[in-house]
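Here is the file query_23.pdb (PDB, C-alpha atoms).
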```pdb
ATOM      1  CA  MET A   1     -19.170  -3.672  -6.476
ATOM      2  CA  SER A   2     -17.947  -0.272  -5.271
ATOM      3  CA  VAL A   3     -17.905   0.875  -1.670
ATOM      4  CA  GLU A   4     -20.462   3.547  -2.508
ATOM      5  CA  ARG A   5     -22.958   1.106  -4.040
ATOM      6  CA  LYS A   6     -22.720  -1.227  -1.063
ATOM      7  CA  LEU A   7     -23.345   1.598   1.385
ATOM      8  CA  ASP A   8     -26.252   2.932  -0.631
ATOM      9  CA  ARG A   9     -28.203  -0.283  -0.090
ATOM     10  CA  VAL A  10     -28.742   0.221   3.619
ATOM     11  CA  GLY A  11     -27.073   3.449   4.712
ATOM     12  CA  HIS A  12     -27.642   7.131   4.184
ATOM     13  CA  ARG A  13     -25.193   8.756   1.838
ATOM     14  CA  SER A  14     -24.823  12.463   1.113
ATOM     15  CA  PRO A  15     -22.958  13.240  -2.123
ATOM     16  CA  ARG A  16     -20.814  16.333  -1.706
ATOM     17  CA  ALA A  17     -18.435  18.407  -3.777
ATOM     18  CA  ARG A  18     -15.574  16.571  -5.461
ATOM     19  CA  PRO A  19     -13.337  15.074  -2.751
ATOM     20  CA  ASP A  20     -10.121  16.343  -4.312
ATOM     21  CA  THR A  21     -11.183  19.952  -3.853
ATOM     22  CA  HIS A  22     -13.121  20.068  -0.564
ATOM     23  CA  LEU A  23     -11.796  18.089   2.399
ATOM     24  CA  ARG A  24     -13.677  19.878   5.141
ATOM     25  CA  HIS A  25     -13.696  17.254   7.862
ATOM     26  CA  ALA A  26     -10.829  17.260  10.333
ATOM     27  CA  HIS A  27      -9.344  14.066  11.726
ATOM     28  CA  SER A  28     -11.520  11.962  14.014
ATOM     29  CA  SER A  29     -12.829  13.828  17.043
ATOM     30  CA  GLY A  30     -14.468  10.761  18.518
ATOM     31  CA  LYS A  31     -17.759  11.211  16.671
ATOM     32  CA  GLU A  32     -16.504  11.304  13.080
ATOM     33  CA  VAL A  33     -14.169   9.014  11.150
ATOM     34  CA  ASN A  34     -12.611   9.806   7.760
ATOM     35  CA  ILE A  35     -12.183   6.791   5.460
ATOM     36  CA  LEU A  36     -10.385   6.811   2.111
ATOM     37  CA  ALA A  37     -11.014   4.004  -0.407
ATOM     38  CA  LEU A  38      -8.289   3.341  -2.980
ATOM     39  CA  GLY A  39      -7.789   0.697  -5.638
ATOM     40  CA  HIS A  40      -7.336  -0.179  -9.287
ATOM     41  CA  ARG A  41      -9.902   1.413 -11.591
ATOM     42  CA  GLY A  42     -11.058  -2.032 -12.604
ATOM     43  CA  VAL A  43     -12.402  -2.905  -9.143
ATOM     44  CA  GLY A  44     -15.230  -0.351  -9.290
ATOM     45  CA  LYS A  45     -14.402   3.135  -8.013
ATOM     46  CA  THR A  46     -16.956   5.961  -7.983
ATOM     47  CA  ASP A  47     -15.266   9.336  -7.302
ATOM     48  CA  MET A  48     -17.726  10.199  -4.525
ATOM     49  CA  LEU A  49     -17.565  11.810  -1.089
ATOM     50  CA  TYR A  50     -20.460  10.830   1.140
ATOM     51  CA  SER A  51     -21.379  10.304   4.784
ATOM     52  CA  HIS A  52     -22.839   7.313   6.575
ATOM     53  CA  SER A  53     -24.066   7.155  10.180
ATOM     54  CA  LYS A  54     -23.473   4.016  12.242
ATOM     55  CA  CYS A  55     -23.831   2.916  15.851
ATOM     56  CA  ILE A  56     -20.605   1.215  16.924
ATOM     57  CA  GLU A  57     -20.127  -0.099  20.464
ATOM     58  CA  GLY A  58     -23.093   1.953  21.608
ATOM     59  CA  LYS A  59     -21.806   5.207  20.117
ATOM     60  CA  HIS A  60     -23.178   7.013  17.087
ATOM     61  CA  LEU A  61     -20.431   7.771  14.581
ATOM     62  CA  THR A  62     -20.477   9.559  11.242
ATOM     63  CA  LEU A  63     -18.231   7.957   8.655
ATOM     64  CA  HIS A  64     -17.028  10.366   5.969
ATOM     65  CA  ILE A  65     -15.967   8.216   3.029
ATOM     66  CA  ILE A  66     -14.098   9.155  -0.127
ATOM     67  CA  ASP A  67     -14.539   6.435  -2.743
ATOM     68  CA  THR A  68     -12.004   7.482  -5.368
ATOM     69  CA  LEU A  69     -12.236   7.099  -9.123
ATOM     70  CA  GLY A  70      -9.368   4.595  -9.010
ATOM     71  CA  GLN A  71      -5.618   4.535  -9.451
ATOM     72  CA  MET A  72      -3.224   3.007 -11.976
ATOM     73  CA  THR A  73      -0.025   4.308 -10.324
ATOM     74  CA  ALA A  74       0.978   6.110  -7.119
ATOM     75  CA  ASP A  75       0.931   9.360  -9.105
ATOM     76  CA  ASP A  76      -2.863   9.045  -9.303
ATOM     77  CA  ILE A  77      -3.204   9.379  -5.513
ATOM     78  CA  ASN A  78      -4.102  12.749  -4.013
ATOM     79  CA  PRO A  79      -1.729  13.135  -1.013
ATOM     80  CA  HIS A  80      -4.171  15.562   0.633
ATOM     81  CA  GLN A  81      -6.767  12.786   0.737
ATOM     82  CA  VAL A  82      -4.294  10.431   2.401
ATOM     83  CA  LEU A  83      -3.437  13.013   5.049
ATOM     84  CA  TRP A  84      -7.168  13.725   5.550
ATOM     85  CA  ALA A  85      -7.941  10.083   6.235
ATOM     86  CA  ASP A  86      -8.104   8.447   9.667
ATOM     87  CA  CYS A  87      -7.972   5.043   7.932
ATOM     88  CA  VAL A  88      -7.676   3.663   4.420
ATOM     89  CA  ILE A  89      -9.296   0.843   2.432
ATOM     90  CA  ILE A  90      -7.242  -0.589  -0.446
ATOM     91  CA  GLU A  91      -9.281  -2.770  -2.776
ATOM     92  CA  PHE A  92      -8.195  -5.331  -5.340
ATOM     93  CA  ALA A  93      -9.849  -8.197  -7.224
ATOM     94  CA  ILE A  94      -8.545 -11.726  -6.720
ATOM     95  CA  THR A  95      -9.241 -12.325 -10.420
ATOM     96  CA  MET A  96      -7.012  -9.430 -11.523
ATOM     97  CA  ALA A  97      -3.293  -9.709 -10.715
ATOM     98  CA  THR A  98      -2.718  -6.159 -11.948
ATOM     99  CA  SER A  99      -5.087  -4.792  -9.325
ATOM    100  CA  PHE A 100      -3.059  -6.551  -6.607
ATOM    101  CA  GLN A 101       0.186  -5.028  -7.858
ATOM    102  CA  ILE A 102      -1.488  -1.622  -7.746
ATOM    103  CA  ALA A 103      -2.655  -2.420  -4.196
ATOM    104  CA  ARG A 104       0.972  -3.033  -3.189
ATOM    105  CA  THR A 105       2.003   0.310  -4.676
ATOM    106  CA  LEU A 106      -0.841   2.070  -2.863
ATOM    107  CA  ALA A 107       0.011   0.432   0.460
ATOM    108  CA  GLU A 108       3.623   1.548   0.148
ATOM    109  CA  TYR A 109       2.569   5.103  -0.712
ATOM    110  CA  VAL A 110       0.096   5.385   2.157
ATOM    111  CA  HIS A 111       2.704   3.992   4.556
ATOM    112  CA  THR A 112       5.132   6.688   3.386
ATOM    113  CA  ILE A 113       2.694   9.614   3.533
ATOM    114  CA  ASN A 114       0.661   8.763   6.649
ATOM    115  CA  GLN A 115       2.467   5.946   8.452
ATOM    116  CA  PRO A 116       0.592   5.672  11.785
ATOM    117  CA  ILE A 117      -2.747   4.838  10.178
ATOM    118  CA  SER A 118      -4.969   1.752   9.995
ATOM    119  CA  VAL A 119      -5.172   0.271   6.495
ATOM    120  CA  ALA A 120      -7.479  -2.526   5.347
ATOM    121  CA  LEU A 121      -6.657  -4.640   2.316
ATOM    122  CA  VAL A 122      -9.936  -5.803   0.781
ATOM    123  CA  ALA A 123     -10.043  -8.672  -1.720
ATOM    124  CA  ASN A 124     -13.085  -8.361  -3.985
ATOM    125  CA  LYS A 125     -14.700 -11.206  -5.952
ATOM    126  CA  SER A 126     -13.674 -13.776  -3.346
ATOM    127  CA  ASP A 127     -16.455 -16.073  -4.593
ATOM    128  CA  MET A 128     -14.743 -16.448  -7.987
ATOM    129  CA  ILE A 129     -12.121 -18.834  -6.667
ATOM    130  CA  GLU A 130     -11.859 -20.709  -9.979
ATOM    131  CA  ARG A 131     -10.613 -17.494 -11.646
ATOM    132  CA  LYS A 132      -8.221 -16.502  -8.859
ATOM    133  CA  THR A 133      -4.872 -15.116 -10.043
ATOM    134  CA  VAL A 134      -3.542 -13.743  -6.724
ATOM    135  CA  SER A 135      -2.053 -16.286  -4.327
ATOM    136  CA  ASP A 136      -2.712 -16.397  -0.584
ATOM    137  CA  THR A 137       1.049 -16.238  -0.023
ATOM    138  CA  GLU A 138       1.301 -12.927  -1.887
ATOM    139  CA  ILE A 139      -1.561 -11.516   0.158
ATOM    140  CA  ARG A 140      -0.061 -12.638   3.484
ATOM    141  CA  ARG A 141       3.315 -11.133   2.596
ATOM    142  CA  LEU A 142       1.804  -7.776   1.695
ATOM    143  CA  CYS A 143      -0.265  -7.655   4.886
ATOM    144  CA  ALA A 144       2.764  -8.557   7.017
ATOM    145  CA  GLU A 145       5.002  -6.017   5.292
ATOM    146  CA  TYR A 146       2.693  -3.058   5.890
ATOM    147  CA  ASN A 147       0.680  -4.307   8.893
ATOM    148  CA  LEU A 148      -2.566  -4.415   6.909
ATOM    149  CA  LEU A 149      -5.904  -5.748   8.076
ATOM    150  CA  PHE A 150      -7.306  -8.229   5.561
ATOM    151  CA  PHE A 151     -10.901  -8.776   4.450
ATOM    152  CA  GLU A 152     -12.617 -10.673   1.652
ATOM    153  CA  THR A 153     -15.802  -9.503  -0.076
ATOM    154  CA  SER A 154     -18.003 -10.749  -2.872
ATOM    155  CA  ALA A 155     -21.135  -9.708  -4.720
ATOM    156  CA  SER A 156     -23.021 -12.613  -3.151
ATOM    157  CA  GLU A 157     -22.273 -11.362   0.370
ATOM    158  CA  GLY A 158     -23.326  -7.831  -0.525
ATOM    159  CA  TRP A 159     -23.333  -5.315   2.312
ATOM    160  CA  THR A 160     -22.480  -7.743   5.130
ATOM    161  CA  SER A 161     -18.809  -8.222   4.310
ATOM    162  CA  MET A 162     -18.130  -4.554   3.541
ATOM    163  CA  ASN A 163     -19.948  -3.445   6.673
ATOM    164  CA  GLN A 164     -17.447  -5.442   8.754
ATOM    165  CA  VAL A 165     -14.592  -3.522   7.119
ATOM    166  CA  PHE A 166     -16.095  -0.178   8.129
ATOM    167  CA  VAL A 167     -16.899  -1.317  11.663
ATOM    168  CA  THR A 168     -13.423  -2.740  12.255
ATOM    169  CA  LEU A 169     -11.656   0.351  10.930
ATOM    170  CA  ALA A 170     -13.870   2.690  12.957
ATOM    171  CA  GLN A 171     -13.127   0.647  16.081
ATOM    172  CA  ARG A 172      -9.391   0.855  15.389
ATOM    173  CA  VAL A 173      -9.589   4.621  14.958
ATOM    174  CA  GLN A 174     -11.518   4.950  18.217
ATOM    175  CA  HIS A 175      -8.957   2.765  19.993
ATOM    176  CA  ILE A 176      -6.055   4.895  18.744
ATOM    177  CA  LEU A 177      -7.884   8.085  19.688
ATOM    178  CA  LYS A 178      -8.341   6.826  23.250
ATOM    179  CA  LYS A 179      -4.633   6.019  23.468
ATOM    180  CA  LYS A 180      -3.736   9.479  22.228
ATOM    181  CA  GLU A 181      -6.030  11.075  24.781
ATOM    182  CA  LYS A 182      -4.472   8.945  27.523
ATOM    183  CA  LEU A 183      -0.973   9.953  26.430
ATOM    184  CA  THR A 184      -1.996  13.626  26.274
ATOM    185  CA  ARG A 185      -3.366  13.519  29.826
ATOM    186  CA  PHE A 186      -0.204  11.794  30.975
ATOM    187  CA  MET A 187       2.046  14.417  29.371
ATOM    188  CA  GLN A 188      -0.025  17.237  30.871
ATOM    189  CA  ASN A 189       0.575  15.950  34.382
ATOM    190  CA  PRO A 190       2.689  18.602  36.197
ATOM    191  CA  ALA A 191       4.934  15.946  37.709
ATOM    192  CA  VAL A 192       5.584  14.455  34.273
ATOM    193  CA  ALA A 193       6.322  17.863  32.781
ATOM    194  CA  ALA A 194       8.818  18.536  35.551
ATOM    195  CA  LYS A 195      10.576  15.233  34.885
ATOM    196  CA  LEU A 196      10.730  15.919  31.165
ATOM    197  CA  ARG A 197      12.498  19.194  31.883
ATOM    198  CA  SER A 198      15.144  17.230  33.709
ATOM    199  CA  ASN A 199      17.499  15.441  31.315
ATOM    200  CA  SER A 200      18.430  12.966  34.017
ATOM    201  CA  HIS A 201      14.849  11.674  34.216
ATOM    202  CA  SER A 202      13.759  11.900  30.568
ATOM    203  CA  GLU A 203      15.191   8.565  29.468
ATOM    204  CA  THR A 204      13.635   6.718  32.414
ATOM    205  CA  LEU A 205      10.277   8.403  31.880
ATOM    206  CA  LEU A 206      10.101   7.545  28.194
ATOM    207  CA  SER A 207      11.149   3.987  28.923
ATOM    208  CA  GLU A 208       8.437   3.549  31.539
ATOM    209  CA  HIS A 209       5.685   4.859  29.299
ATOM    210  CA  GLY A 210       7.011   4.074  25.834
ATOM    211  CA  GLU A 211       4.288   1.474  25.352
ATOM    212  CA  LEU A 212       1.753   4.277  25.056
ATOM    213  CA  GLU A 213       3.540   5.681  22.026
ATOM    214  CA  LEU A 214       3.906   2.251  20.468
ATOM    215  CA  LEU A 215       0.183   1.612  20.811
ATOM    216  CA  LEU A 216      -0.578   4.697  18.727
ATOM    217  CA  CYS A 217       0.852   2.954  15.694
ATOM    218  CA  HIS A 218      -1.184  -0.259  16.026
TER     219      HIS A 218
END
```
Give the structure from the file, written as structure tokens.
Amino acid sequence: MSVERKLDRVGHRSPRARPDTHLRHAHSSGKEVNILALGHRGVGKTDMLYSHSKCIEGKHLTLHIIDTLGQMTADDINPHQVLWADCVIIEFAITMATSFQIARTLAEYVHTINQPISVALVANKSDMIERKTVSDTEIRRLCAEYNLLFFETSASEGWTSMNQVFVTLAQRVQHILKKKEKLTRFMQNPAVAAKLRSNSHSETLLSEHGELELLLCH
């Protein structure tokens, strides 16, 4: 089942112009999160851009979601969509080894184009274990290689499992945004600016606060 169909069961969606021509929403400002869904054409893609409102940790957020038509190779990915996204969902079916190989290609491409971004690897049809053609070892290796979050979904679970993907990604985006704001305030401190202008203090300063920059990538 596609991302769009799962959202349509309980959430409000607003179809817009084709996502490859109108990417109007800037990166997350704290109230909006841009999510891009990628995956093999055989796992149910819809070529839709729609919005969905959610309350996460007491805050109302608008999720702008592009559910693409599907990809067979990296050449099928629109790089503008990847750069637009605050986070990415890569879907594959555990019953289709080809879709997993495409997922690996997509993860590598996203990592190259927009490296400091949260990416969720979503395994569809997890209830069809008897037809599984993708091993757990392969999945773990891919997630470790590209620092991917991993989720499993199935038609029987419906909206519940996919909703957790959206909530987790939105929380990650909010966490990164807070870290960026903290780093920005730190860098705007007059005392910090003065130290940065002094070569003798720059190395010490970056060492003391390097963890802030590292957190932006996780």
Of the listed residues A:Ala85, A:Leu63, A:Val33, A:Cys55, that which approaches Val173 (chain A) most closely, counting only C-alpha atoms: A:Val33
- request: Enumerate, as a PyMOL selection string, the protein, DNA and RNA residues whose atoms approach (0.1, -0.8, -2.8) to within 10 Å, taking into account all atoms listed in the file and the coordinate frame of the file.
  value: chain A and resi 38-40+73-74+90-92+99-111+121+142+146
Please save C-alpha atoms of the selected residues as a compact mmCIF listing (two decimals), keeping the file's coordinate frame.
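Just written: result.txt:
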```
# COMPACT_ATOMS: atom_id res chain seq x y z
CA LEU A 38 -8.29 3.34 -2.98
CA GLY A 39 -7.79 0.70 -5.64
CA HIS A 40 -7.34 -0.18 -9.29
CA THR A 73 -0.02 4.31 -10.32
CA ALA A 74 0.98 6.11 -7.12
CA ILE A 90 -7.24 -0.59 -0.45
CA GLU A 91 -9.28 -2.77 -2.78
CA PHE A 92 -8.20 -5.33 -5.34
CA SER A 99 -5.09 -4.79 -9.32
CA PHE A 100 -3.06 -6.55 -6.61
CA GLN A 101 0.19 -5.03 -7.86
CA ILE A 102 -1.49 -1.62 -7.75
CA ALA A 103 -2.66 -2.42 -4.20
CA ARG A 104 0.97 -3.03 -3.19
CA THR A 105 2.00 0.31 -4.68
CA LEU A 106 -0.84 2.07 -2.86
CA ALA A 107 0.01 0.43 0.46
CA GLU A 108 3.62 1.55 0.15
CA TYR A 109 2.57 5.10 -0.71
CA VAL A 110 0.10 5.38 2.16
CA HIS A 111 2.70 3.99 4.56
CA LEU A 121 -6.66 -4.64 2.32
CA LEU A 142 1.80 -7.78 1.70
CA TYR A 146 2.69 -3.06 5.89
```
- prompt: Smallest atom-to-atom distance to Ser161 (chain A): which of A:Leu36, A:Ile139, A:Ala144, A:Val122, using all atoms listed in the file?
  reply: A:Val122
Counting all atoms listed in the file, the residue of A:Ile65, A:Leu169, A:Lys132, A:Gly70 that sits nearest Arg41 (chain A):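 The answer is A:Gly70, which sits nearest to Arg41 (chain A).
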Which of A:Ala93, A:Ala170, A:Arg140, A:Ser118 sits closest to Glu152 (chain A) [using all atoms listed in the file]: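 When distances to Glu152 (chain A) are compared using all atoms listed in the file, the smallest one comes from A:Ala93.
Considering the residues A:Glu57, A:Asn78, A:Ala191, A:Ile89 and counting only C-alpha atoms, Met162 (chain A) has its shortest atom-to-atom contact with A:Ile89.
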Two-atom distance - CA of Ile113 (chain A), CA of Asn147 (chain A) (Å):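 Rounded to one decimal, the two atoms are 15.1 Å apart.
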query: What gap, in Å, lies between CA of Met72 (chain A) and CA of Thr153 (chain A)?
result: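 Between these atoms lies a distance of 21.4 Å.
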Let me have the centre and edge lengths in Å, one decimal, of the box along x, y and z around every listed atom of region 108-112 of chain A with 3 Å of margin on each side, as JSON.
```
{"center_x": 2.6, "center_y": 4.1, "center_z": 1.9, "size_x": 11.0, "size_y": 11.1, "size_z": 11.3}
```
query: Hey, which of A:Leu149, A:Arg141, A:Ile94, A:Val43 ends up closest to Ser126 (chain A)? Count all atoms listed in the file.
result: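 Going through A:Leu149, A:Arg141, A:Ile94, A:Val43 one by one, the smallest distance to Ser126 (chain A) is for A:Ile94.
Put simply, CA of Leu148 (chain A) is 13.6 Å away from CA of Asn114 (chain A).
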task: Neighbourhood query: residues within 12 Å of (-7.1, -19.1, -6.8), file coordinates, counting all atoms listed in the file; return as a list in words.
output: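 Protein, DNA and RNA residues close to (-7.1, -19.1, -6.8): Ala93, Ile94, Thr95, Met96, Ala97, Ala123, Lys125, Ser126, Asp127, Met128, Ile129, Glu130, Arg131, Lys132, Thr133, Val134, Ser135, Asp136, Thr137, Glu138 and Ile139 of chain A.
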